[in-house]
Structures are given as structure tokens and as C-alpha cells.
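structure_29.cif, holding mmCIF, C-alpha atoms and all ligand atoms:
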data_my_file
#
loop_
_atom_site.label_atom_id
_atom_site.label_comp_id
_atom_site.auth_asym_id
_atom_site.auth_seq_id
_atom_site.Cartn_x
_atom_site.Cartn_y
_atom_site.Cartn_z
CA MET A 22 126.21 105.98 114.55
CA SER A 23 127.11 103.68 111.69
CA TYR A 24 126.39 100.03 111.07
CA ALA A 25 129.21 97.50 111.17
CA PHE A 26 128.11 96.35 107.71
CA THR A 27 125.47 97.42 105.20
CA PRO A 28 122.06 96.08 106.31
CA LEU A 29 119.91 94.15 103.86
CA PRO A 30 117.14 96.19 102.22
CA ILE A 31 113.75 96.32 103.96
CA PRO A 32 111.40 93.78 102.30
CA SER A 33 108.47 95.57 100.68
CA LEU A 34 105.30 95.03 98.66
CA PRO A 35 103.88 96.97 95.72
CA ILE A 36 100.66 98.90 96.35
CA GLN A 37 97.98 98.96 93.64
CA GLY A 38 97.66 102.38 92.04
CA SER A 39 100.71 103.81 93.79
CA ASP A 40 104.44 104.26 93.19
CA GLN A 41 105.03 103.79 96.91
CA ARG A 42 105.77 100.42 98.47
CA TYR A 43 104.62 98.89 101.76
CA PRO A 44 107.58 98.15 104.05
CA VAL A 45 107.20 94.76 105.75
CA HIS A 46 108.08 94.53 109.44
CA ARG A 47 106.91 91.03 110.45
CA ILE A 48 104.76 88.19 109.11
CA PHE A 49 102.26 86.54 111.45
CA CYS A 50 100.21 83.52 110.34
CA ILE A 51 97.18 81.82 111.86
CA GLY A 52 96.88 78.05 111.60
CA ARG A 53 93.72 75.97 111.17
CA ASN A 54 91.35 78.87 110.50
CA TYR A 55 89.08 76.99 108.06
CA ALA A 56 87.29 73.92 109.45
CA GLU A 57 87.69 71.73 106.34
CA HIS A 58 91.44 72.44 106.23
CA ALA A 59 91.82 71.55 109.94
CA ARG A 60 90.06 68.25 109.17
CA GLU A 61 92.24 67.48 106.15
CA MET A 62 95.26 68.04 108.47
CA GLY A 63 93.80 65.46 110.83
CA VAL A 64 92.77 67.83 113.64
CA ALA A 65 89.33 68.85 114.89
CA PRO A 66 88.45 72.51 114.16
CA GLU A 67 88.57 74.60 117.35
CA ALA A 68 86.90 77.94 118.03
CA GLY A 69 89.14 78.70 121.05
CA THR A 70 92.38 80.68 121.12
CA PRO A 71 93.86 81.02 117.61
CA MET A 72 97.13 79.20 116.87
CA PHE A 73 99.84 81.51 115.54
CA PHE A 74 103.27 81.10 113.97
CA CYS A 75 105.64 83.47 112.14
CA LYS A 76 107.69 83.71 108.97
CA PRO A 77 110.69 86.02 108.51
CA ALA A 78 109.84 89.27 106.70
CA ASP A 79 112.42 88.47 104.03
CA ALA A 80 110.59 85.24 103.13
CA ILE A 81 108.32 87.31 100.86
CA VAL A 82 108.50 86.89 97.08
CA THR A 83 106.98 89.85 95.26
CA ASP A 84 106.33 91.42 91.88
CA GLY A 85 105.62 88.05 90.23
CA THR A 86 109.15 86.76 90.75
CA ASP A 87 109.59 82.98 90.31
CA VAL A 88 109.64 80.88 93.50
CA PRO A 89 112.58 78.48 93.81
CA TYR A 90 111.64 74.96 94.94
CA PRO A 91 113.12 74.79 98.47
CA PRO A 92 115.75 72.30 99.65
CA LEU A 93 115.20 69.31 101.95
CA THR A 94 111.60 68.58 100.98
CA SER A 95 109.79 66.43 98.47
CA GLU A 96 106.38 67.70 99.55
CA LEU A 97 106.09 71.46 99.02
CA HIS A 98 102.44 72.36 99.68
CA HIS A 99 100.46 75.43 98.60
CA GLU A 100 98.19 77.23 101.08
CA VAL A 101 96.38 80.20 99.52
CA GLU A 102 95.49 82.87 102.08
CA MET A 103 94.08 86.36 102.39
CA VAL A 104 96.79 88.63 103.75
CA VAL A 105 95.98 91.68 105.86
CA ALA A 106 98.55 94.49 106.01
CA LEU A 107 98.49 96.69 109.09
CA GLY A 108 98.90 100.46 108.83
CA GLY A 109 98.87 100.94 112.59
CA GLY A 110 99.31 98.85 115.69
CA GLY A 111 99.18 98.69 119.43
CA ARG A 112 98.70 96.31 122.32
CA ASP A 113 95.40 94.79 123.45
CA ILE A 114 93.54 96.26 120.46
CA ALA A 115 89.74 96.18 120.76
CA VAL A 116 87.96 94.18 118.04
CA ALA A 117 85.99 97.27 117.01
CA ARG A 118 89.20 99.29 116.44
CA VAL A 119 90.84 96.77 114.08
CA PRO A 120 89.28 98.06 110.81
CA GLU A 121 90.89 101.50 111.22
CA LEU A 122 94.33 99.86 111.55
CA ILE A 123 94.16 97.95 108.25
CA PHE A 124 96.32 99.44 105.50
CA GLY A 125 95.27 97.02 102.80
CA TYR A 126 94.58 93.51 101.59
CA GLY A 127 96.46 91.05 99.42
CA VAL A 128 96.63 87.39 98.59
CA GLY A 129 99.58 85.18 99.44
CA LEU A 130 100.84 81.64 99.63
CA ASP A 131 101.88 80.13 102.96
CA LEU A 132 104.23 77.62 101.32
CA THR A 133 104.88 74.65 103.57
CA ARG A 134 107.43 71.82 103.60
CA ARG A 135 104.67 69.39 104.62
CA ASP A 136 106.98 66.41 105.10
CA LEU A 137 109.20 68.39 107.50
CA GLN A 138 106.11 69.75 109.26
CA ARG A 139 104.92 66.19 109.94
CA GLN A 140 108.33 65.32 111.37
CA VAL A 141 108.56 68.33 113.70
CA LYS A 142 104.93 67.97 114.82
CA ALA A 143 105.61 64.35 115.79
CA LYS A 144 108.63 65.43 117.86
CA GLY A 145 106.87 68.43 119.43
CA HIS A 146 109.44 70.72 117.78
CA PRO A 147 108.82 74.26 116.44
CA TRP A 148 107.37 74.70 112.93
CA ASP A 149 110.01 77.16 111.67
CA ILE A 150 111.84 74.82 109.30
CA ALA A 151 108.50 73.75 107.79
CA LYS A 152 106.99 77.22 107.45
CA GLY A 153 109.65 79.94 107.68
CA PHE A 154 112.11 78.96 104.96
CA ASP A 155 113.49 81.29 102.28
CA HIS A 156 110.92 82.32 99.63
CA SER A 157 108.07 80.72 101.64
CA ALA A 158 105.72 83.72 101.34
CA PRO A 159 104.89 84.75 97.74
CA LEU A 160 102.58 87.78 97.86
CA SER A 161 100.47 89.94 95.55
CA ALA A 162 100.44 93.71 95.47
CA LEU A 163 98.27 95.20 98.21
CA GLN A 164 94.96 96.90 97.53
CA PRO A 165 94.54 99.84 99.94
CA ALA A 166 91.69 99.29 102.40
CA SER A 167 90.09 102.54 101.21
CA ALA A 168 89.56 100.96 97.77
CA ALA A 169 88.98 97.33 98.80
CA HIS A 170 85.58 95.74 99.21
CA VAL A 171 86.17 92.70 101.43
CA ASP A 172 83.36 90.86 103.21
CA GLY A 173 82.17 87.34 103.97
CA ARG A 174 81.18 86.78 100.34
CA THR A 175 84.65 87.59 99.01
CA VAL A 176 86.14 84.52 97.31
CA LEU A 177 89.66 83.25 97.93
CA ARG A 178 90.97 80.74 95.38
CA LEU A 179 94.05 79.16 93.85
CA GLY A 180 94.53 77.63 90.44
CA VAL A 181 97.57 75.54 89.53
CA ASN A 182 98.26 75.10 85.80
CA GLY A 183 94.69 76.28 85.13
CA THR A 184 93.04 73.75 87.49
CA LEU A 185 91.18 75.00 90.57
CA ARG A 186 92.86 73.59 93.72
CA GLN A 187 91.44 75.66 96.59
CA GLN A 188 88.36 77.87 96.91
CA ALA A 189 86.35 79.32 99.79
CA THR A 190 84.54 82.44 100.86
CA LEU A 191 85.90 84.50 103.74
CA ALA A 192 82.72 83.69 105.70
CA GLU A 193 84.23 80.22 106.19
CA MET A 194 87.01 81.56 108.43
CA ILE A 195 86.67 80.40 112.06
CA HIS A 196 88.28 83.62 113.38
CA ASP A 197 87.54 86.76 111.34
CA VAL A 198 90.09 89.52 110.75
CA PRO A 199 89.13 91.71 113.75
CA ALA A 200 89.28 88.67 116.05
CA ILE A 201 92.66 87.55 114.66
CA VAL A 202 94.29 90.98 114.99
CA ALA A 203 92.83 91.57 118.46
CA ALA A 204 94.12 88.16 119.64
CA LEU A 205 97.58 88.77 118.11
CA SER A 206 97.78 92.13 119.90
CA THR A 207 97.46 90.41 123.27
CA LEU A 208 100.61 88.39 122.44
CA PHE A 209 102.69 91.01 120.55
CA GLU A 210 102.69 94.78 120.29
CA LEU A 211 101.66 95.22 116.65
CA HIS A 212 103.07 97.84 114.29
CA ALA A 213 102.46 99.33 110.88
CA GLY A 214 104.24 96.97 108.48
CA ASP A 215 103.02 93.79 110.13
CA LEU A 216 101.35 91.31 107.76
CA VAL A 217 98.84 88.70 108.85
CA PHE A 218 98.22 85.52 106.83
CA THR A 219 94.65 84.60 107.77
CA GLY A 220 94.58 80.85 107.11
CA THR A 221 93.92 78.53 104.20
CA PRO A 222 90.84 76.64 103.01
CA SER A 223 90.94 72.92 102.27
CA GLY A 224 92.55 71.52 99.14
CA VAL A 225 96.22 71.96 100.04
CA ALA A 226 98.43 69.76 97.86
CA ALA A 227 101.93 69.33 96.51
CA LEU A 228 103.60 71.59 93.96
CA GLN A 229 106.19 70.65 91.37
CA ARG A 230 108.84 72.62 89.54
CA GLY A 231 107.25 74.27 86.52
CA ASP A 232 103.81 74.72 88.14
CA GLU A 233 102.07 78.01 87.28
CA LEU A 234 100.10 79.44 90.18
CA HIS A 235 97.24 81.94 90.07
CA ALA A 236 96.03 83.04 93.50
CA GLU A 237 93.10 85.43 93.82
CA LEU A 238 91.23 87.33 96.46
CA VAL A 239 88.56 87.93 93.85
CA GLY A 240 88.02 91.59 93.02
CA VAL A 241 90.77 92.67 95.43
CA ALA A 242 94.18 91.19 94.62
CA GLU A 243 95.81 88.51 92.51
CA LEU A 244 99.19 86.83 92.30
CA ARG A 245 100.73 84.93 89.40
CA THR A 246 103.94 83.07 90.01
CA ARG A 247 105.82 79.93 89.02
CA ILE A 248 107.75 77.25 90.90
CA VAL A 249 111.22 76.82 89.41
MN MN B 1 98.64 78.56 106.43
#
Is it possible to express this structure as C-alpha cells?
Ligand code: MN
Amino acid sequence: MSYAFTPLPIPSLPIQGSDQRYPVHRIFCIGRNYAEHAREMGVAPEAGTPMFFCKPADAIVTDGTDVPYPPLTSELHHEVEMVVALGGGGRDIAVARVPELIFGYGVGLDLTRRDLQRQVKAKGHPWDIAKGFDHSAPLSALQPASAAHVDGRTVLRLGVNGTLRQQATLAEMIHDVPAIVAALSTLFELHAGDLVFTGTPSGVAALQRGDELHAELVGVAELRTRIV
């Protein structure tokens, strides 16, 4: 067997303390997982079934590479999020089994063309053009789960040009990581290499070319990048 043309390389993330990289299969994202962010988006927070969307795996921006300001928007928003990287998968995964499937943790930005998102929401159209554009998922290196200490007190935050824009503890998530992964596994068969963006706290706002971003899952992972 040979391919008709050379396939693009598999997108991958650095792993803290390792020369190996984490190959990315898919990127799943949960929407409206922090109550104050749901409210700032004009919707009531809901505890029911999580709302999911996807980004292409090759939307990741890694290793501190600059992020190009995307076309066809004048309202590029930051959403800082904890990112969970799966090291195993399955269908209909029990909540109690989720921890053993987690490869590691990182911090990422669910960049959003907010003006396009408003337009597609109003028309009842899919979110892809607002969420899944090129370079829409800048990510840190992953900290392996064996080394990571992540609990409800862990702080997620984003600074832009040295000013704090978003900050929350993970206890503020409506759906926790086991619940998110278990729910996703009822919709998709999950695999090692799948990333899950776990939602953003309030404080989302517009970015400009030249902005310097510092995202942290404090004590676990950090990402420094720049919009160009
Ligand atoms: Mn988000």
C-alpha cells in the first residue's frame, strides 16, 4: 500500500520531562462549563447534558510558536482552558474509570472568532467557522498525569500583556473531568491521542496583534505565546 501523496505530519505536543511527543488524534471541547462564562455569553448555566464541539487536530499551535491573527474577524476572543489528554479510550466509559485513561494535563486557548460565532448562532448554523479555524488551539506542553497534582483548588488563569484577564479554580467547573469524558464516550468512541478542552471561566475578551499571552494551569502547565 502507498499513499497517493505524502500525508501531512501528525500534530503533536511536547511532554514535560520527556523527549517523546504526544500525538494528537482529535480535539473535543465543552461549551459553557463555568456558570459566570455562560452568563457573560447571555445564556443560563445548565447542569444537564454537556454541549460539545470539535476543532481539527491540526489547529494546535505548540512550542510557543506565534499565533497568526485569523482572517474574516475583527473580534478574536481568548478562552483559557484546562486541557486533558487521553492515554486510553473506549465507549460508554464509567466515571470511576476516567482517571486511569488520562495521559496528562495542559493549558490551552480555545480561540474564537466571536463575531462569526454570533452570526452562526443567530442563523442556527454550526460553530466550525467560529471555533475550528487554523491556529485556533494554542497549547502548552503536557504534564504527565503521574506527576500532575490537579484538584478543585488548582487555578486556571490568563494574563494578556501582564494584566490578569481570566482566573478561576477548577472547582468552578459545572461538569468535572470524569463527567465530561464519560459523557463524550457515549457520543464518540474515544482513543489515546484525543484532547479535551474543558471550558473557560468568565472574562473572555478581544485580542489584538502584538498581544503577549501567558496562560497557566498553576503548578501544572503554562503557555506563553503572541498574536501576530
Ligand atoms: Mn471554550
Can you check which parts of chain A lie within 6 Å of ligand MN 1 (chain B)? Per residue, the shortest pair of atoms and distance in Å to one decimal, counting only C-alpha atoms and all ligand atoms, sorted by chain and number, as JSON lines.
{"residue": "A:Gly52", "atom": "CA", "partner": "B:MN1", "partner_atom": "MN", "distance": 5.5}
{"residue": "A:Glu100", "atom": "CA", "partner": "B:MN1", "partner_atom": "MN", "distance": 5.5}
{"residue": "A:Asp131", "atom": "CA", "partner": "B:MN1", "partner_atom": "MN", "distance": 5.0}
{"residue": "A:Gly220", "atom": "CA", "partner": "B:MN1", "partner_atom": "MN", "distance": 4.7}
{"residue": "A:Thr221", "atom": "CA", "partner": "B:MN1", "partner_atom": "MN", "distance": 5.2}
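Between CA of Arg247 in chain A and CA of Asp149 in chain A lies a distance of 23.2 Å.
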Per-residue nearest contacts range 62-82 of chain A to range 155-176 of chain A, cut-off 8 Å, using only C-alpha atoms, as a Markdown table:
| residue | atom | partner | partner_atom | distance |
| --- | --- | --- | --- | --- |
| A:Lys76 | CA | A:Ala158 | CA | 7.9 |
| A:Asp79 | CA | A:Asp155 | CA | 7.5 |
| A:Ala80 | CA | A:His156 | CA | 4.6 |
| A:Ile81 | CA | A:Ala158 | CA | 4.5 |
| A:Val82 | CA | A:Pro159 | CA | 4.2 |
Could you pull out every residue with an atom within 6 Å of (102.9, 86.7, 112.1), file coordinates, counting only C-alpha atoms, and send them as number ranges by chain?
A: 48-50, 74-75, 217
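Minimum atom-to-atom distances from A:Ala151, A:Ile201, A:Gly145, A:His46 to Gly69 in chain A were compared using all atoms listed in the file, and the lowest value belongs to A:Ile201.
Distance-wise, CA of Ala189 in chain A and CA of Thr219 in chain A end up 12.7 Å apart.
When all atoms listed in the file are used to measure the gap to Pro35 in chain A, the shortest distance among A:Tyr126, A:Trp148, A:Phe154, A:Phe218 belongs to A:Tyr126.
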In terms of all atoms listed in the file, the residue from A:Val239, A:Ala213, A:Leu208, A:Ala68 at minimal distance from Ile195 in chain A is A:Ala68
Do you know which residues are at most 12 Å from Ile150 in chain A counting all atoms listed in the file, after dropping those on the same chain fewer than 5 positions away, and could you put them as a tab-separated table (two decimals) with C-alpha atoms, in the frame of the given file?
chain	number	residue	atom	x	y	z
A	74	PHE	CA	103.27	81.10	113.97
A	75	CYS	CA	105.64	83.47	112.14
A	76	LYS	CA	107.69	83.71	108.97
A	77	PRO	CA	110.69	86.02	108.51
A	91	PRO	CA	113.12	74.79	98.47
A	92	PRO	CA	115.75	72.30	99.65
A	93	LEU	CA	115.20	69.31	101.95
A	94	THR	CA	111.60	68.58	100.98
A	132	LEU	CA	104.23	77.62	101.32
A	133	THR	CA	104.88	74.65	103.57
A	134	ARG	CA	107.43	71.82	103.60
A	135	ARG	CA	104.67	69.39	104.62
A	136	ASP	CA	106.98	66.41	105.10
A	137	LEU	CA	109.20	68.39	107.50
A	138	GLN	CA	106.11	69.75	109.26
A	139	ARG	CA	104.92	66.19	109.94
A	140	GLN	CA	108.33	65.32	111.37
A	141	VAL	CA	108.56	68.33	113.70
A	142	LYS	CA	104.93	67.97	114.82
A	155	ASP	CA	113.49	81.29	102.28
A	157	SER	CA	108.07	80.72	101.64
CA of Thr184 in chain A and CA of Glu237 in chain A are how many Å apart?
13.3 Å
Kindly indicate which residue among A:Asp215, A:Arg53, A:His99, A:Gly180 lies nearest to Ile123 in chain A, using all atoms listed in the file for the distances.
A:Asp215
Could you pull the residues within 10 Å of Val202 in chain A, counting all atoms listed in the file, minus those fewer than 2 positions along the same chain, as number ranges by chain?
A: 49, 105, 107, 110, 113-116, 118-120, 122-123, 196-200, 204-207, 211, 217, 219
Please write out, as AutoDock Vina command-line options, where the centre of an axis-aligned box around all listed atoms of range 234-247 of chain A lies and how long its edges are, in Å to one decimal, after adding 3 Å on each side.
--center_x 96.9 --center_y 86.1 --center_z 92.7 --size_x 23.8 --size_y 19.2 --size_z 13.4
Among A:Thr27, A:Asn54, A:Gln187, A:Ser33, Asp84 in chain A is approached most closely, using only C-alpha atoms, by A:Ser33
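Using all atoms listed in the file, the smallest distance between any of A:Met72, A:Met62, A:Val104, A:Ala227 and Val181 in chain A comes from A:Ala227.
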